[in-house]
$ cat final.csv   # CSV, C-alpha atoms
chain,number,residue,atom,x,y,z
I,1,MET,CA,124.1,30.8,135.5
I,2,THR,CA,127.1,31.9,133.4
I,3,GLN,CA,125.8,29.5,130.7
I,4,ASN,CA,122.4,31.2,130.9
I,5,LEU,CA,124.0,34.6,130.2
I,6,GLU,CA,125.9,33.1,127.2
I,7,THR,CA,122.7,31.6,125.9
I,8,ILE,CA,120.8,34.9,126.2
I,9,GLU,CA,123.7,36.8,124.5
I,10,ASN,CA,123.8,34.3,121.6
I,11,ALA,CA,120.0,34.3,121.3
I,12,LEU,CA,120.0,38.1,121.2
I,13,ALA,CA,122.7,38.1,118.5
I,14,ARG,CA,120.5,36.0,116.3
I,15,ARG,CA,117.7,38.6,116.6
I,16,ARG,CA,119.9,41.5,115.7
I,17,GLN,CA,118.0,41.9,112.4
I,18,PHE,CA,115.1,43.3,114.3
I,19,PHE,CA,117.0,46.0,116.3
I,20,GLU,CA,116.5,48.7,113.7
I,21,THR,CA,113.1,47.6,112.2
I,22,CYS,CA,111.0,46.5,115.1
I,23,THR,CA,110.8,47.5,118.8
I,24,ALA,CA,109.0,44.2,119.7
I,25,PHE,CA,110.5,40.7,119.1
I,26,ARG,CA,111.2,37.4,120.9
I,27,ILE,CA,114.6,37.2,122.6
I,28,CYS,CA,114.5,33.6,123.7
I,29,HIS,CA,112.1,31.0,122.3
I,30,HIS,CA,112.7,28.1,124.8
I,31,GLU,CA,116.5,28.3,124.3
I,32,LEU,CA,116.7,28.3,128.1
I,33,GLY,CA,114.3,25.3,128.4
I,34,GLN,CA,110.8,24.5,127.1
I,35,GLY,CA,109.1,26.3,130.0
I,36,LEU,CA,110.4,29.8,129.3
I,37,THR,CA,110.1,32.5,126.6
I,38,ILE,CA,111.4,36.0,126.8
I,39,ASP,CA,110.1,38.9,124.7
I,40,TYR,CA,111.2,42.5,124.2
I,41,TYR,CA,108.6,45.3,123.9
I,42,ALA,CA,110.0,48.8,123.4
I,43,GLY,CA,112.1,48.7,126.5
I,44,TYR,CA,110.2,46.2,128.6
I,45,VAL,CA,111.2,42.6,129.0
I,46,LEU,CA,108.4,40.0,129.4
I,47,LEU,CA,109.4,36.6,130.8
I,48,ILE,CA,106.6,34.0,130.4
I,49,TYR,CA,107.2,30.7,132.3
I,50,TYR,CA,105.2,27.5,132.6
I,51,ALA,CA,104.8,25.1,135.5
I,52,ASN,CA,107.8,23.0,134.5
I,53,PHE,CA,110.2,26.0,134.8
I,54,PRO,CA,111.9,26.8,138.1
I,55,ARG,CA,110.5,30.2,139.2
I,56,LYS,CA,113.5,30.7,141.5
I,57,ASP,CA,115.8,31.2,138.4
I,58,LEU,CA,113.7,34.0,136.9
I,59,ALA,CA,115.3,36.9,138.7
I,60,ALA,CA,118.8,36.0,137.6
I,61,ILE,CA,117.7,35.3,134.1
I,62,ALA,CA,116.0,38.7,134.0
I,63,ALA,CA,119.2,40.4,135.2
I,64,HIS,CA,121.2,38.6,132.5
I,65,THR,CA,118.7,39.6,129.9
I,66,VAL,CA,118.8,43.3,130.9
I,67,ALA,CA,122.6,43.2,130.9
I,68,ALA,CA,122.7,41.6,127.4
I,69,LEU,CA,120.1,44.1,126.0
I,70,THR,CA,122.0,47.1,127.5
I,71,ALA,CA,125.3,45.8,126.1
I,72,ALA,CA,123.6,45.6,122.7
I,73,GLY,CA,122.5,49.2,122.9
I,74,LEU,CA,118.8,48.7,123.5
I,75,PRO,CA,117.0,50.6,126.3
I,76,VAL,CA,115.5,48.6,129.2
I,77,TYR,CA,113.0,50.1,131.6
I,78,GLY,CA,111.6,47.1,133.3
I,79,ALA,CA,111.4,43.3,133.4
I,80,ILE,CA,108.2,41.5,134.2
I,81,GLN,CA,107.4,37.8,134.8
I,82,ARG,CA,104.2,36.0,134.0
I,83,PHE,CA,103.1,32.5,134.8
I,84,ARG,CA,101.1,30.9,131.9
I,85,PRO,CA,99.0,27.7,132.4
I,86,GLU,CA,99.5,25.0,129.8
I,87,ASN,CA,95.9,25.0,128.9
I,88,LEU,CA,96.3,28.5,127.3
I,89,SER,CA,99.2,27.5,125.2
I,90,HIS,CA,97.2,27.0,122.0
I,91,ALA,CA,94.6,29.7,122.5
I,92,ARG,CA,95.1,32.9,120.4
I,93,GLU,CA,93.0,35.0,122.8
I,94,THR,CA,89.8,35.0,124.7
I,95,ALA,CA,88.0,37.5,126.9
I,96,ALA,CA,89.2,35.7,130.1
I,97,ALA,CA,90.9,37.5,132.9
I,98,PRO,CA,94.5,38.7,132.4
I,99,LEU,CA,97.4,36.6,133.6
I,100,GLN,CA,99.2,37.8,136.7
I,101,SER,CA,102.3,40.0,136.0
I,102,ASP,CA,105.1,40.5,138.6
I,103,LEU,CA,107.9,43.1,138.4
I,104,LEU,CA,111.4,41.7,138.4
I,105,PHE,CA,113.4,44.8,137.5
I,106,GLY,CA,112.9,48.5,137.0
I,107,THR,CA,109.4,49.9,136.5
I,108,LEU,CA,106.1,48.5,135.1
I,109,PRO,CA,105.0,49.8,131.7
I,110,PRO,CA,101.9,51.9,131.3
I,111,PRO,CA,98.6,50.0,131.0
I,112,ARG,CA,99.0,50.3,127.2
I,113,PHE,CA,102.0,51.5,125.3
I,114,VAL,CA,103.2,51.6,121.7
I,115,ILE,CA,105.6,49.4,119.8
I,116,ARG,CA,106.7,49.6,116.2
I,117,GLU,CA,106.8,46.7,113.6
I,118,TYR,CA,108.5,47.9,110.4
I,119,ASP,CA,106.2,50.7,109.2
I,120,LEU,CA,103.3,49.9,111.5
I,121,GLN,CA,102.6,50.9,115.1
I,122,PHE,CA,100.5,48.9,117.6
I,123,THR,CA,99.4,49.4,121.2
I,124,VAL,CA,100.2,46.5,123.5
I,125,SER,CA,99.6,45.7,127.2
I,126,PHE,CA,101.0,43.4,129.9
I,127,GLN,CA,98.0,44.0,132.0
I,128,GLU,CA,95.0,43.1,129.8
I,129,GLY,CA,94.1,39.7,128.4
I,130,GLN,CA,96.2,36.6,128.2
I,131,ASN,CA,98.4,37.9,125.4
I,132,THR,CA,99.7,41.4,124.8
I,133,GLY,CA,97.5,42.5,121.9
I,134,LEU,CA,99.9,41.6,119.2
I,135,PHE,CA,101.2,38.1,118.1
I,136,LEU,CA,104.9,38.5,117.4
I,137,ASP,CA,105.2,35.1,115.7
I,138,ILE,CA,103.1,36.2,112.8
I,139,LYS,CA,105.1,39.2,111.6
I,140,ARG,CA,106.0,37.6,108.3
I,141,ALA,CA,102.3,37.0,107.5
I,142,ARG,CA,101.6,40.7,108.1
I,143,GLN,CA,104.4,41.6,105.8
I,144,LYS,CA,103.1,39.1,103.2
I,145,ILE,CA,99.7,40.9,103.3
I,146,LYS,CA,101.5,44.1,102.1
I,147,THR,CA,102.9,42.4,99.0
I,148,ILE,CA,99.6,40.9,97.8
I,149,VAL,CA,97.1,43.7,98.5
I,150,LYS,CA,96.7,46.1,95.5
I,151,PRO,CA,95.3,49.6,95.6
I,152,SER,CA,91.5,49.6,96.0
I,153,ASP,CA,91.3,45.9,97.0
I,154,GLU,CA,88.6,44.9,99.4
I,155,VAL,CA,89.7,42.8,102.4
I,156,LEU,CA,87.8,40.8,105.0
I,157,ASN,CA,89.6,40.1,108.3
I,158,LEU,CA,87.8,37.4,110.2
I,159,PHE,CA,88.5,36.9,114.0
I,160,SER,CA,90.3,40.3,113.7
I,161,TYR,CA,91.4,40.6,117.3
I,162,THR,CA,93.2,44.0,117.6
I,163,GLY,CA,93.5,44.5,113.8
I,164,GLY,CA,97.1,43.7,113.0
I,165,PHE,CA,96.2,42.2,109.6
I,166,SER,CA,93.8,45.1,108.9
I,167,MET,CA,96.6,47.6,109.5
I,168,ALA,CA,98.9,45.8,107.0
I,169,ALA,CA,96.2,45.7,104.4
I,170,ALA,CA,95.3,49.4,104.8
I,171,LYS,CA,99.0,50.4,104.6
I,172,ALA,CA,99.2,48.4,101.3
I,173,GLY,CA,96.5,50.6,99.8
I,174,ALA,CA,93.3,48.5,100.3
I,175,GLY,CA,90.2,50.5,99.4
I,176,ARG,CA,88.1,48.9,102.1
I,177,VAL,CA,88.9,46.6,105.1
I,178,ILE,CA,86.2,45.0,107.1
I,179,GLU,CA,87.2,43.4,110.4
I,180,VAL,CA,84.9,41.0,112.2
I,181,ASP,CA,85.1,40.0,115.8
I,182,SER,CA,82.6,39.2,118.5
I,183,SER,CA,84.4,41.1,121.3
I,184,PRO,CA,83.9,44.8,121.7
I,185,LYS,CA,87.1,45.0,123.7
I,186,TRP,CA,89.3,43.9,120.7
I,187,LEU,CA,87.4,46.0,118.3
I,188,ASN,CA,87.9,49.1,120.4
I,189,TRP,CA,91.6,48.2,120.8
I,190,ALA,CA,91.8,47.9,117.0
I,191,LYS,CA,90.4,51.4,116.7
I,192,GLU,CA,93.4,52.6,118.7
I,193,ASN,CA,95.7,50.9,116.2
I,194,GLN,CA,93.8,52.6,113.3
I,195,ALA,CA,94.4,56.0,114.9
I,196,LEU,CA,98.0,55.3,115.5
I,197,ASN,CA,98.6,54.4,111.9
I,198,GLY,CA,96.4,57.1,110.3
I,199,VAL,CA,94.1,54.4,108.8
I,200,THR,CA,90.6,55.4,107.8
I,201,VAL,CA,89.5,52.6,105.4
I,202,VAL,CA,88.6,50.0,108.1
I,203,ARG,CA,85.0,49.2,109.0
I,204,GLN,CA,84.1,47.0,112.0
I,205,ARG,CA,81.4,44.4,112.6
I,206,ARG,CA,80.8,43.0,116.0
I,207,GLU,CA,79.5,39.5,115.0
I,208,ASP,CA,80.3,35.8,114.9
I,209,ALA,CA,82.8,35.5,112.0
I,210,LEU,CA,81.0,32.4,110.5
I,211,THR,CA,77.6,34.1,110.6
I,212,TYR,CA,78.9,37.3,109.0
I,213,LEU,CA,80.7,35.3,106.3
I,214,HIS,CA,77.6,33.3,105.5
I,215,LYS,CA,75.6,36.5,104.8
I,216,GLN,CA,78.1,38.1,102.3
I,217,LYS,CA,77.3,38.3,98.7
I,218,ASP,CA,79.2,36.4,96.0
I,219,GLU,CA,82.6,37.6,94.9
I,220,ALA,CA,82.7,40.5,97.3
I,221,PHE,CA,86.4,40.5,98.4
I,222,ASP,CA,89.9,40.2,96.9
I,223,LEU,CA,91.5,38.9,100.1
I,224,ILE,CA,90.1,37.1,103.2
I,225,VAL,CA,92.3,36.7,106.3
I,226,CYS,CA,91.2,34.0,108.8
I,227,ASP,CA,93.3,33.5,112.0
I,228,PRO,CA,90.9,32.1,114.5
I,229,PRO,CA,91.5,30.8,118.0
I,230,THR,CA,91.7,27.1,118.2
I,231,TYR,CA,88.5,27.0,120.3
I,232,ALA,CA,86.0,29.7,120.8
I,233,THR,CA,82.4,30.0,121.9
I,234,GLN,CA,80.3,31.9,119.4
I,235,LYS,CA,77.6,34.4,120.3
I,236,SER,CA,75.0,31.9,119.0
I,237,GLY,CA,76.3,29.4,121.6
I,238,SER,CA,78.0,27.2,119.1
I,239,ARG,CA,81.6,26.1,119.5
I,240,PHE,CA,84.2,27.0,117.0
I,241,THR,CA,86.7,24.1,116.6
I,242,LEU,CA,89.5,24.4,114.1
I,243,GLU,CA,89.0,21.5,111.8
I,244,LYS,CA,85.2,21.2,111.8
I,245,SER,CA,84.6,24.9,111.5
I,246,PHE,CA,87.1,25.5,108.7
I,247,LYS,CA,85.4,22.8,106.7
I,248,GLU,CA,82.1,24.4,107.3
I,249,MET,CA,83.4,27.8,106.2
I,250,LEU,CA,85.1,26.5,103.1
I,251,PRO,CA,82.2,27.0,100.6
I,252,ASP,CA,81.5,30.5,101.9
I,253,LEU,CA,85.2,31.5,101.8
I,254,ALA,CA,85.4,30.4,98.2
I,255,ARG,CA,82.0,32.0,97.3
I,256,VAL,CA,82.7,35.5,98.6
I,257,LEU,CA,86.2,35.7,97.1
I,258,ARG,CA,86.6,37.2,93.7
I,259,PRO,CA,88.2,35.2,90.9
I,260,ALA,CA,91.8,34.5,91.7
I,261,GLY,CA,91.2,36.0,95.1
I,262,TYR,CA,93.5,35.1,98.1
I,263,LEU,CA,92.8,33.5,101.4
I,264,LEU,CA,95.4,33.7,104.2
I,265,ALA,CA,94.6,31.1,106.8
I,266,SER,CA,96.5,30.5,110.0
I,267,THR,CA,96.6,28.4,113.2
I,268,ASN,CA,99.0,28.0,116.0
I,269,PHE,CA,97.5,24.7,117.2
I,270,ARG,CA,100.1,22.1,117.7
I,271,GLY,CA,97.5,19.3,117.5
I,272,ILE,CA,97.2,19.5,113.8
I,273,SER,CA,100.0,18.8,111.3
I,274,ARG,CA,101.0,21.3,108.6
I,275,GLU,CA,99.9,18.8,105.9
I,276,LYS,CA,96.5,18.2,107.4
I,277,PHE,CA,95.8,21.9,108.0
I,278,PHE,CA,96.7,22.8,104.4
I,279,SER,CA,94.6,19.9,103.1
I,280,LEU,CA,91.5,21.4,104.7
I,281,PHE,CA,91.4,24.0,101.9
I,282,ALA,CA,92.4,21.8,98.9
I,283,ARG,CA,88.9,21.4,97.5
I,284,GLU,CA,88.5,25.1,96.8
I,285,PHE,CA,91.9,26.6,96.9
I,286,ASN,CA,95.5,26.2,95.6
I,287,LEU,CA,98.3,26.6,98.2
I,288,GLN,CA,100.5,29.4,96.9
I,289,GLU,CA,102.9,29.7,99.8
I,290,ASP,CA,103.6,28.2,103.2
I,291,VAL,CA,104.4,31.5,105.1
I,292,PRO,CA,107.2,30.9,107.7
I,293,ILE,CA,107.0,31.8,111.3
I,294,SER,CA,108.9,35.0,112.3
I,295,ALA,CA,112.6,34.4,112.4
I,296,ASP,CA,112.8,35.3,116.1
I,297,PHE,CA,110.9,32.2,117.0
I,298,ALA,CA,113.9,29.9,116.4
I,299,ASP,CA,112.4,27.8,113.6
I,300,ASP,CA,109.6,26.3,115.7
I,301,ASP,CA,107.0,24.6,113.5
I,302,TYR,CA,103.8,25.0,115.6
I,303,LEU,CA,102.5,28.0,113.5
I,304,LYS,CA,100.9,27.1,110.1
I,305,ILE,CA,100.2,30.0,107.7
I,306,GLY,CA,98.9,29.2,104.3
I,307,LEU,CA,98.5,31.7,101.5
I,308,PHE,CA,95.9,30.2,99.1
I,309,GLN,CA,94.4,31.3,95.8
I,310,LYS,CA,90.8,30.5,94.7
I,311,ASN,CA,90.7,27.8,92.1
$ encode --input "final.csv" --output "structure tokens"
Amino acid sequence: MTQNLETIENALARRRQFFETCTAFRICHHELGQGLTIDYYAGYVLLIYYANFPRKDLAAIAAHTVAALTAAGLPVYGAIQRFRPENLSHARETAAAPLQSDLLFGTLPPPRFVIREYDLQFTVSFQEGQNTGLFLDIKRARQKIKTIVKPSDEVLNLFSYTGGFSMAAAKAGAGRVIEVDSSPKWLNWAKENQALNGVTVVRQRREDALTYLHKQKDEAFDLIVCDPPTYATQKSGSRFTLEKSFKEMLPDLARVLRPAGYLLASTNFRGISREKFFSLFAREFNLQEDVPISADFADDDYLKIGLFQKN
């Protein structure tokens, strides 16, 4: 267990760059074994373990994590454990029941609470859904959005979830942001994030993303963001699958983008290689940048984020 403490301390030292700029980041990304991740959310520690990780070790690991965070000067109010089935590991989010959370130390957080990521704020939850409402691994992509959006740009955020990309685009000065999601829960959650950040340029559409995209007029947007789940059932009853559906969307994505417009496309599906994912867009787009995963995820390569420009 002494080795675990040293591992946590070393992992935390590598995340020091986030201490002043973000109140939510990953502490351990499988450094203690492939079956465990540890995240920090504004004073609350979330340990997510898989079936191959010994549950009996979690209490001691939580204690070590609390000690390391306290020594680093970060507040800790509670530590929570969650079991995550393997079949959820590649799903961005669905409307399925939340995963069970058990208290290991201190107090449980409120049902929803606020974290800060650079100049943005988001509400998160350990009690709703299979994830927390914000994907920490994609921080660099949200930052990238701020560098490419120009004042008055029009942005389309497909599969918008709780609106993280929408907030980044609005903060960069977008004149209009449309976020599209089929779930009223995520759209309502996104409205909370809009209020937190003083954002008023976002409009929402509750609809299948592919259906909405197909109806849009030519050259309507300067930027499209597309970060879908690997698999999802559409309102029409059709099944969104990553490779097939991106290929179907490609003509419409190109059609509704303005000349030299940008597409930011992302997937966390380990079952497709980076080269194959980027090649899906080659007919209509030029790859401008392979946006890296956030630095707190220990150089894992499962996340593919491509910034493309229309040919």
$ atom_distance --input "final.csv" --atom1 "atom CA of I:Ile224" --atom2 "atom CA of I:Ser125"
27.2 Å
$ residues_near_point --input "final.csv" --point "(95.9, 38.4, 113.5)" --cutoff "9 Å" --atoms "all atoms listed in the file" --output "JSON, numbers by chain"
{"I": [92, 134, 135, 138, 141, 142, 157, 158, 159, 160, 161, 162, 163, 164, 165, 166, 225, 226, 227, 228, 266]}
$ residues_around --input "final.csv" --residues "I:Ala169" --least-positions-apart "4" --cutoff "12 Å" --atoms "all atoms listed in the file" --output "ChimeraX atom specification"
/I:120,141-157,163-165,173-179,194,197,199-202,222-225
$ closest_residue --input "final.csv" --among "I:Val124, I:Ala67, I:Ile115, I:Leu136" --to "I:Ile293" --atoms "all atoms listed in the file"
I:Leu136
$ closest_atom_pairs --input "final.csv" --of "stretch 4-32 of chain I" --to "stretch 44-54 of chain I" --cutoff "12 Å" --atoms "all atoms listed in the file" --output "Markdown table"
| residue | atom | partner | partner_atom | distance |
| --- | --- | --- | --- | --- |
| I:Thr23 | CA | I:Tyr44 | CA | 9.9 |
| I:Ala24 | CA | I:Tyr44 | CA | 9.2 |
| I:Phe25 | CA | I:Val45 | CA | 10.1 |
| I:Arg26 | CA | I:Leu46 | CA | 9.3 |
| I:Ile27 | CA | I:Val45 | CA | 9.0 |
| I:Cys28 | CA | I:Leu47 | CA | 9.2 |
| I:His29 | CA | I:Ile48 | CA | 10.2 |
| I:His30 | CA | I:Tyr49 | CA | 9.7 |
| I:Leu32 | CA | I:Phe53 | CA | 9.6 |
$ closest_residue --input "final.csv" --among "I:Leu264, I:Leu253, I:Met167, I:Leu303" --to "I:Phe122" --atoms "only C-alpha atoms"
I:Met167
$ atom_distance --input "final.csv" --atom1 "atom CA of I:Ile305" --atom2 "atom CA of I:Ala260"
18.6 Å
$ atom_distance --input "final.csv" --atom1 "atom CA of I:Gln100" --atom2 "atom CA of I:Glu9"
27.4 Å
$ residues_around --input "final.csv" --residues "I:Arg16" --least-positions-apart "3" --cutoff "10 Å" --atoms "all atoms listed in the file" --output "VMD selection string"
chain I and resid 11 to 13 19 to 21 27 72 296
$ residues_around --input "final.csv" --residues "I:Phe113" --least-positions-apart "2" --cutoff "12 Å" --atoms "all atoms listed in the file" --output "list of chain:residue names"
I:Thr23, I:Ala24, I:Tyr41, I:Ala42, I:Gly43, I:Tyr44, I:Leu108, I:Pro109, I:Pro110, I:Pro111, I:Ile115, I:Arg116, I:Gln121, I:Phe122, I:Thr123, I:Val124, I:Ser125, I:Phe126, I:Gln127, I:Glu128, I:Thr132, I:Gly133, I:Leu134, I:Trp189, I:Glu192, I:Asn193, I:Leu196
$ closest_residue --input "final.csv" --among "I:Gly78, I:Gly73, I:Gly271, I:Pro85" --to "I:Asp39" --atoms "only C-alpha atoms"
I:Gly78
$ closest_residue --input "final.csv" --among "I:Phe83, I:Phe297, I:Tyr118, I:Phe278" --to "I:Leu58" --atoms "only C-alpha atoms"
I:Phe83
$ residues_around --input "final.csv" --residues "I:Lys185" --least-positions-apart "2" --cutoff "10 Å" --atoms "only C-alpha atoms" --output "count of residues only"
11
$ residues_around --input "final.csv" --residues "I:Gln309" --least-positions-apart "2" --cutoff "6 Å" --atoms "all atoms listed in the file" --output "list of chain:residue names"
I:Ala260, I:Gly261, I:Tyr262, I:Phe285, I:Asn286
$ residues_near_point --input "final.csv" --point "(124.1, 40.7, 129.3)" --cutoff "12 Å" --atoms "only C-alpha atoms" --output "list in words"
Met1, Thr2, Gln3, Asn4, Leu5, Glu6, Thr7, Ile8, Glu9, Asn10, Ala11, Leu12, Ala13, Ala60, Ile61, Ala62, Ala63, His64, Thr65, Val66, Ala67, Ala68, Leu69, Thr70, Ala71, Ala72, Gly73, Leu74 and Val76 of chain I
$ closest_residue --input "final.csv" --among "I:Glu243, I:Asp57, I:Glu219, I:Asp119" --to "I:Leu280" --atoms "only C-alpha atoms"
I:Glu243
$ decode --input "final.csv" --residues "stretch 204-221 of chain I" --atoms "N, CA and C atoms" --output "short mmCIF file (atom, residue, chain, number, x, y, z; two decimals), in the first residue's frame"
data_model
loop_
_atom_site.label_atom_id
_atom_site.label_comp_id
_atom_site.auth_asym_id
_atom_site.auth_seq_id
_atom_site.Cartn_x
_atom_site.Cartn_y
_atom_site.Cartn_z
N GLN I 204 -31.67 25.71 -28.81
CA GLN I 204 -31.68 24.25 -28.71
C GLN I 204 -32.72 23.63 -29.63
N ARG I 205 -32.39 22.42 -30.11
CA ARG I 205 -33.33 21.63 -30.89
C ARG I 205 -33.33 20.21 -30.35
N ARG I 206 -34.49 19.75 -29.94
CA ARG I 206 -34.62 18.37 -29.49
C ARG I 206 -34.98 17.52 -30.71
N GLU I 207 -33.99 16.84 -31.25
CA GLU I 207 -34.20 16.11 -32.50
C GLU I 207 -33.02 15.17 -32.74
N ASP I 208 -33.25 14.16 -33.58
CA ASP I 208 -32.14 13.33 -34.04
C ASP I 208 -31.13 14.22 -34.76
N ALA I 209 -29.87 14.07 -34.42
CA ALA I 209 -28.84 14.92 -35.00
C ALA I 209 -28.77 14.76 -36.52
N LEU I 210 -28.85 13.52 -37.01
CA LEU I 210 -28.75 13.28 -38.45
C LEU I 210 -29.93 13.88 -39.19
N THR I 211 -31.12 13.78 -38.60
CA THR I 211 -32.32 14.34 -39.22
C THR I 211 -32.22 15.86 -39.29
N TYR I 212 -31.80 16.47 -38.19
CA TYR I 212 -31.68 17.92 -38.15
C TYR I 212 -30.65 18.40 -39.18
N LEU I 213 -29.51 17.74 -39.23
CA LEU I 213 -28.46 18.13 -40.15
C LEU I 213 -28.95 18.07 -41.60
N HIS I 214 -29.68 17.03 -41.92
CA HIS I 214 -30.14 16.82 -43.30
C HIS I 214 -31.08 17.93 -43.76
N LYS I 215 -31.78 18.56 -42.83
CA LYS I 215 -32.76 19.60 -43.17
C LYS I 215 -32.15 20.98 -43.33
N GLN I 216 -30.89 21.15 -42.96
CA GLN I 216 -30.30 22.50 -42.97
C GLN I 216 -29.96 22.97 -44.37
N LYS I 217 -30.04 24.28 -44.55
CA LYS I 217 -29.72 24.87 -45.85
C LYS I 217 -28.21 24.83 -46.09
N ASP I 218 -27.84 25.02 -47.34
CA ASP I 218 -26.43 25.01 -47.72
C ASP I 218 -25.67 26.16 -47.07
N GLU I 219 -24.41 25.89 -46.71
CA GLU I 219 -23.48 26.91 -46.21
C GLU I 219 -24.10 27.76 -45.10
N ALA I 220 -24.60 27.09 -44.07
CA ALA I 220 -25.29 27.78 -42.98
C ALA I 220 -24.42 28.00 -41.75
N PHE I 221 -23.29 27.26 -41.64
CA PHE I 221 -22.50 27.32 -40.41
C PHE I 221 -21.01 27.47 -40.71
#
